[in-house]
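Here the structure comes first, spelled out in structure tokens, and everything after it is commentary.
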Amino acid sequence: MNYKTITYDRLGETLYEYDHPTGLKAFLVRKPGYNKKTALFATDYGSIDNVFKKGDGKVMHVPDGIAHFLEHKLFEQEDGNMLDKFSRMGSSPNAFTSFNQTAYYFTCTDLFEENFRMLLDYVQSPWLTDENVEKEKGIIGQEIRMYEDSPDWRLFFNLLDCLYVNHPVKVDIAGTLESIAQINKELLYDCYNTFYTPSNMVVVVAGDVDPELVFTTVDDMIKSNHRGKPEKHYPEEPEEVNMAYKEQKLQVSMPLFNMGIKDPVRVSGYELLKRRTALGIILAAIMGRSSELFNRLYYEGLINDSFRFEVSADQSYGFVNWGGQSSDPEKVAAEIRKEIEATVERGLDEAVFTRIKKSHEGVFIRTLNSPDAIAREMMDCYFNKTSYFELSRVFEELDLDYVNQVLRSLFTKTTALSVIHPV
Amino acid sequence: MESTTVKASVEKLAEKNGITFYRIRSEKFKTNRVDVFFLDNLEKERASGNAIIPSVLKRGCQKFATQRELEIRLEELYGADVDGGCSKKGETQIVSFHMSHIADRYTSGRDKLFDQCSQLLMCILQYPVVENNGFKASVFRQERDNLVDYIRSRINDKMRFSFLRCIEEMCSGEAFAIPDEGYEEDALLLTPQKTYAIYREMITSYPCFVYMSGAIDDESAHRFIEQFSQLPRANLRKVVLPDVSKTVREVRRVDESMDVNQGKLCLGFRTNVGPSSPDYYPLVVYNGILGGDVHSKLFQNVREKASLAYYAQSVLEKYKGLMVIMSGIEQENRSKAEEIILRQFEDMREGRITQDEIDATKKSLRTGIKTMQDSQGAIVDFFLSQHLTRDEEDFETMARKLEAVTIDDVVRVAQKIQLDTVYFLKPNQPQP
């Protein structure tokens with residue numbers, strides 16, 4: 001087998017990678033001493049990919065929620081449900097659809113090869129009927145209803161609606177009851193045939209498995225097809241936000257708030273990892289638990305332990321957001337805006353930058369305890385044209401000048417605010 | 001490819017003054033951690049007092065007077081973590097603290113993180129900021145407000161809320177009905193002095209378990225034990241495990257309405273099986289077949305066949321011998337869903353269980369036991385459970401006992417389980 005072995009001595013990890021002739025990439029992160037083995041088979045296709053060019057050159061506009069719908073449907077096979085089949089082998093199968101990716105995976109301890117073959121097989125063998133597509137609408141309908149009642153979920157999507165004018169990242173991943181009603185077998189096959197092509201996919205295995213076994217199985221199971229790389233279309237997104245504020249009333253005990261900034265800079269590869277890391281450090285410096293601001297707001301009773309911040313940066317969209325519970329969201333928002341302004345003015349302090357960078361590097365190393373987390377991060381990084389382990393280099397090379405440059409260019413932009421008020 | 005299992009085991013290092021020290025050794029993790037558990041009987045008057053202690057202690061100690069100073073220190077220690085919380089297992093309330101840090105081999109190597117982080121943990125536990133024989137009043141008041149807000153915020157998550165309400169109704173009058181973090185009314189009665197007194201009691205007299213996990217050498221472990229054993233201990237309390245048997249005379253039905261879209265149906269059952277009963281493992285298998293996984297009767301019938309729900313599952317509360325079935329459904333499908341759920345329950349009782357169902361369940365439980373050993377937190381939780389019920393089982397004996405369960409065992413256990421309470425959280429107005 002012709003595969004590459006890369007060892008990361010500092011991290012105590014070994015990565016194996018293999019290029020299949022179809023253009024599919026396969027990775028193994030070997031975890032000696034672990035019982036759990038996880039394998040993930042993913043496509044670079046998520047809820048935002050609603051407009052694309054088909055093989056015949058025709059541009060399709062498909063209903064919201066179709067990537068997620070397809071994820072549900074792939075589990076159904078002519079001879080039964082895959083969930084059931086994995087479960088019979090004692091392994092635990094699942095899948096998720098995000099804005100930009102759809103991933104199918106299982107975790108097992110025994111019979112890795114059998115499970116792995118099943119995973120590679122079913123994702124390549126859709127079996128859709130008018131009847132089974134209709135049946136799924138009831139189940140997904142209840143999933144959508146569940147999210148309608150989730151204050152955190154509503155808060156987040158209301159924020160995205162503030163930030164984005166056109167980009168489909170503002171649309172709920174599962175779609176709406178109305179949009180899924182329009183989904184049918186033919187549309188699902190169109191999406192499947194466009195995006196589930198090996199050159200648009202990746203396989204990641206994490207666990208104590210032999211690389212030879214992983215890659216020969218990939219060779220054996222991946223069907224060649226030459227549909228080519230799909231062409232995705234995203235609408236033009238202006239730099240300005242859609243609206244600065246949005247609120248909704250739900251059954252909650254006290255107001256919830258979430259604020260964010262839309263990042264107009266599109267990068268990929270190592271540059272993207274660097275930007276993500278810089279954004280994380282900036283947010284921690286301004287409003288992290290060690291910051292003056294966090295502690296002041298906490299002491300004043302304006303925020304509590306639920307306060308969090310997050311960085312989402314992908315090739316085709318990016319934003320930072322933060323929030324939690326507060327008795328006075330407007331006041332918190334004003335305080336945070338003021339602090340952002342002051343930080344932009346003076347830049348990050350060298351000592352603070354070094355300390356937080358060290359801390360975030362520690363958090364990265366902790367993540368390597370989890371085979372599941374490794375598999376997901378490897379997939380995400382691959383689709384964004386980099387490798388998760390490159391983060392190690394980012395922590396070595398990242399300097400204050402770059403971080404301050406990101407701070408000054410992004411944190412001068414409009415911050416939007418989303419609030420959920422109690423009924 | 002059948003693979004060998006890497007087993008996690010625990011060694012008892014010392015036991016003094018009602019504190020038991022354990023070590024769980026492993027080289028495969030990138031982190032070391034220490035978990036400390038103080039145990040108390042779950043009682044209404046004390047529950048919120050216990051619950052607030054970790055939040056107050058995290059706000060600073062004599063060496064790091066404020067939360068901010070502490071957080072800065074943790075960042076310097078490569079993003080180390082010192083935290084605490086409160087939970088319940090059965091009618092035992094558990095006040096927990098932990099610290100974790102990345103192993104020295106991933107740092108520049110000069111830091112001796114275990115010692116530094118242990119000292120931080122000890123400082124928080126041992127030397128809180130005290131005034132007038134109570135916790136620092138300003139800090140205390142903020143944390144009391146936060147606790148009250150936290151208690152109130154349980155309505156935010158409707159799935160969890162309906163689950164808790166079902167338990168509350170079912171166990172009304174029993175200690176288990178008390179929420180993990182106590183009640184708002186009791187939290188409001190807390191003062192810095194009263195809470196400080198509860199804290200002193202916790203330190204001196206609650207039974208305590210300490211687990212050290214990772215690659216911690218003898219010398220470091222003993223140094224930590226030495227330090228921890230300096231806690232003053234007296235009048236040791238005992239934790240009483242609840243009686244799980246209860247005969248249900250009449251099924252209780254509770255409907256509550258809220259401004260929600262999806263109805264949440266929760267059915268609470270008495271299993272009449274305790275954690276140390278020989279029927280416990282058959283019960284675990286029973287639960288797996290009924291609603292534990294995707295192959296289960298509930299998932300297959302409520303979701304896959306009838307398309308009524310996205311989730312339909314059953315969960316066990318080991319220490320109190322309860323089982324709760326949960327599903328999110330449209331209001332108009334309520335009786336249909338309940339009927340399908342109860343039919344599955346009846347099928348279990350009447351022994352309509354296939355070999356396939358029990359095999360799949362046992363395999364999935366076996367996988368669960370093995371993968372638990374890949375998480376430091378899960379390993380600690382497993383051994384704490386064992387020590388709490390005074391069962392000295394390890395992962396292997398648990399696996400063996402589950403393996404030995406037969407369909408007859410499951411049916412025998414099924415006969416003991418009784419429906420107690422049906423709780424429905426229903427949308428206020430019918431949706432258009």
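Naming works like this for the structure tokens: A, B, ... for the chains as they're shown, residue 1 at the start of each chain, ligands 1 onward in shown order.
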Mind running chain B against chain A at 7 Å and telling me each contacting residue's nearest atom pair with the distance in Å (one decimal), counting only C-alpha atoms, chain and number ascending, as a Markdown table?
| residue | atom | partner | partner_atom | distance |
| --- | --- | --- | --- | --- |
| B:Met1 | CA | A:Leu111 | CA | 5.2 |
| B:Glu2 | CA | A:Asp110 | CA | 5.5 |
| B:Ser3 | CA | A:Asp110 | CA | 6.1 |
| B:Thr5 | CA | A:Asn35 | CA | 5.9 |
| B:Val6 | CA | A:Gly33 | CA | 6.1 |
| B:Lys28 | CA | A:Gly33 | CA | 6.0 |
| B:Phe29 | CA | A:Asn369 | CA | 5.7 |
| B:Lys30 | CA | A:Asn369 | CA | 6.1 |
| B:Thr31 | CA | A:Arg366 | CA | 6.7 |
| B:Arg68 | CA | A:Ser290 | CA | 5.1 |
| B:Glu71 | CA | A:Ser290 | CA | 5.0 |
| B:Ile72 | CA | A:Ser290 | CA | 5.2 |
| B:Glu75 | CA | A:Ser359 | CA | 4.7 |
| B:Glu76 | CA | A:Arg355 | CA | 5.6 |
| B:Tyr78 | CA | A:Ser359 | CA | 4.2 |
| B:Gly79 | CA | A:Ser359 | CA | 3.9 |
| B:Ile102 | CA | A:Gly362 | CA | 6.5 |
| B:Tyr106 | CA | A:Arg10 | CA | 6.5 |
| B:Gln142 | CA | A:Gly301 | CA | 6.7 |
| B:Asn146 | CA | A:Asn304 | CA | 6.7 |
| B:Arg152 | CA | A:Ser253 | CA | 5.8 |
| B:Ser153 | CA | A:Ser253 | CA | 5.0 |
| B:Ile155 | CA | A:Val252 | CA | 6.2 |
| B:Asn156 | CA | A:Val252 | CA | 5.0 |
| B:Asp157 | CA | A:Ser150 | CA | 6.7 |
| B:Asp259 | CA | A:Gln251 | CA | 6.2 |
| B:Val260 | CA | A:Asp149 | CA | 5.9 |
| B:Asn261 | CA | A:Arg145 | CA | 6.2 |
| B:Gln262 | CA | A:Arg145 | CA | 5.8 |
| B:Val294 | CA | A:Leu83 | CA | 6.3 |
| B:His295 | CA | A:Asp84 | CA | 5.2 |
| B:Arg303 | CA | A:Ile139 | CA | 6.6 |
| B:Ser307 | CA | A:Gly138 | CA | 5.1 |
| B:Leu308 | CA | A:Gly138 | CA | 6.3 |
| B:Ala309 | CA | A:Ile139 | CA | 5.4 |
| B:Tyr310 | CA | A:Ile139 | CA | 5.0 |
| B:Ile329 | CA | A:Gln142 | CA | 6.6 |
| B:Ala360 | CA | A:Arg88 | CA | 4.4 |
| B:Lys363 | CA | A:Gly90 | CA | 4.2 |
| B:Ser364 | CA | A:Gly90 | CA | 3.9 |
| B:Thr367 | CA | A:Thr109 | CA | 5.8 |
| B:Lys370 | CA | A:Asn35 | CA | 6.1 |
| B:Thr371 | CA | A:Lys36 | CA | 5.3 |
| B:Asp374 | CA | A:Tyr34 | CA | 5.9 |
Long-range neighbours of region 158-174 of chain A as number ranges by chain, 10 Å cut-off, only C-alpha atoms, 5 positions minimum in chain
A: 46-51, 64-69, 97-100, 140-141, 143-144, 147, 152-153, 179-180, 234-248, 257-263, 316-319, 321, 414-420
Quick one: everything within 8 Å of region 384-393 of chain A, counting only C-alpha atoms, minus sequence neighbours fewer than 5 positions away in the same chain. Send it as a VMD selection string.
chain A and resid 8 268 to 270 272 to 274 314 to 315 361 377 to 378
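Contact shell of Asp56 (chain A) at 12 Å (only C-alpha atoms; same-chain neighbours under 6 positions omitted): A:Asp190, A:Asn193, A:Thr194, A:Arg227, A:Gly228, A:Pro230, A:Glu231.
Neighbouring residues of Leu120 (chain A) at 8 Å or closer, counting only C-alpha atoms and skipping chain neighbours under 5 positions away, are A:Phe41, A:Val218, A:Met221, A:Ile222.
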Save the residues we just selected, N, CA and C atoms, as a PDB file, in the first residue's frame?
ATOM      1  N   PHE A  41     -17.203   9.072   7.331  1.00  0.00           N
ATOM      2  CA  PHE A  41     -17.206   9.186   5.873  1.00  0.00           C
ATOM      3  C   PHE A  41     -18.039  10.432   5.582  1.00  0.00           C
ATOM      4  N   VAL A 218     -10.521   0.720   2.015  1.00  0.00           N
ATOM      5  CA  VAL A 218     -10.955   1.872   1.217  1.00  0.00           C
ATOM      6  C   VAL A 218     -10.831   1.540  -0.272  1.00  0.00           C
ATOM      7  N   MET A 221     -13.546  -0.804  -1.400  1.00  0.00           N
ATOM      8  CA  MET A 221     -14.949  -0.397  -1.293  1.00  0.00           C
ATOM      9  C   MET A 221     -15.321   0.841  -2.105  1.00  0.00           C
ATOM     10  N   ILE A 222     -14.389   1.713  -2.373  1.00  0.00           N
ATOM     11  CA  ILE A 222     -14.753   2.959  -3.051  1.00  0.00           C
ATOM     12  C   ILE A 222     -14.978   2.689  -4.543  1.00  0.00           C
TER      13      ILE A 222
END
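Around Ile216 (chain B), within 10 Å and counting only C-alpha atoms, the residues found are B:Arg23, B:Ile24, B:Arg25, B:Ser26, B:Glu27, B:Asn32, B:Arg33, B:Ala103, B:Phe114, B:Ala221, B:His222, once anything fewer than 5 positions away on its own chain is removed.
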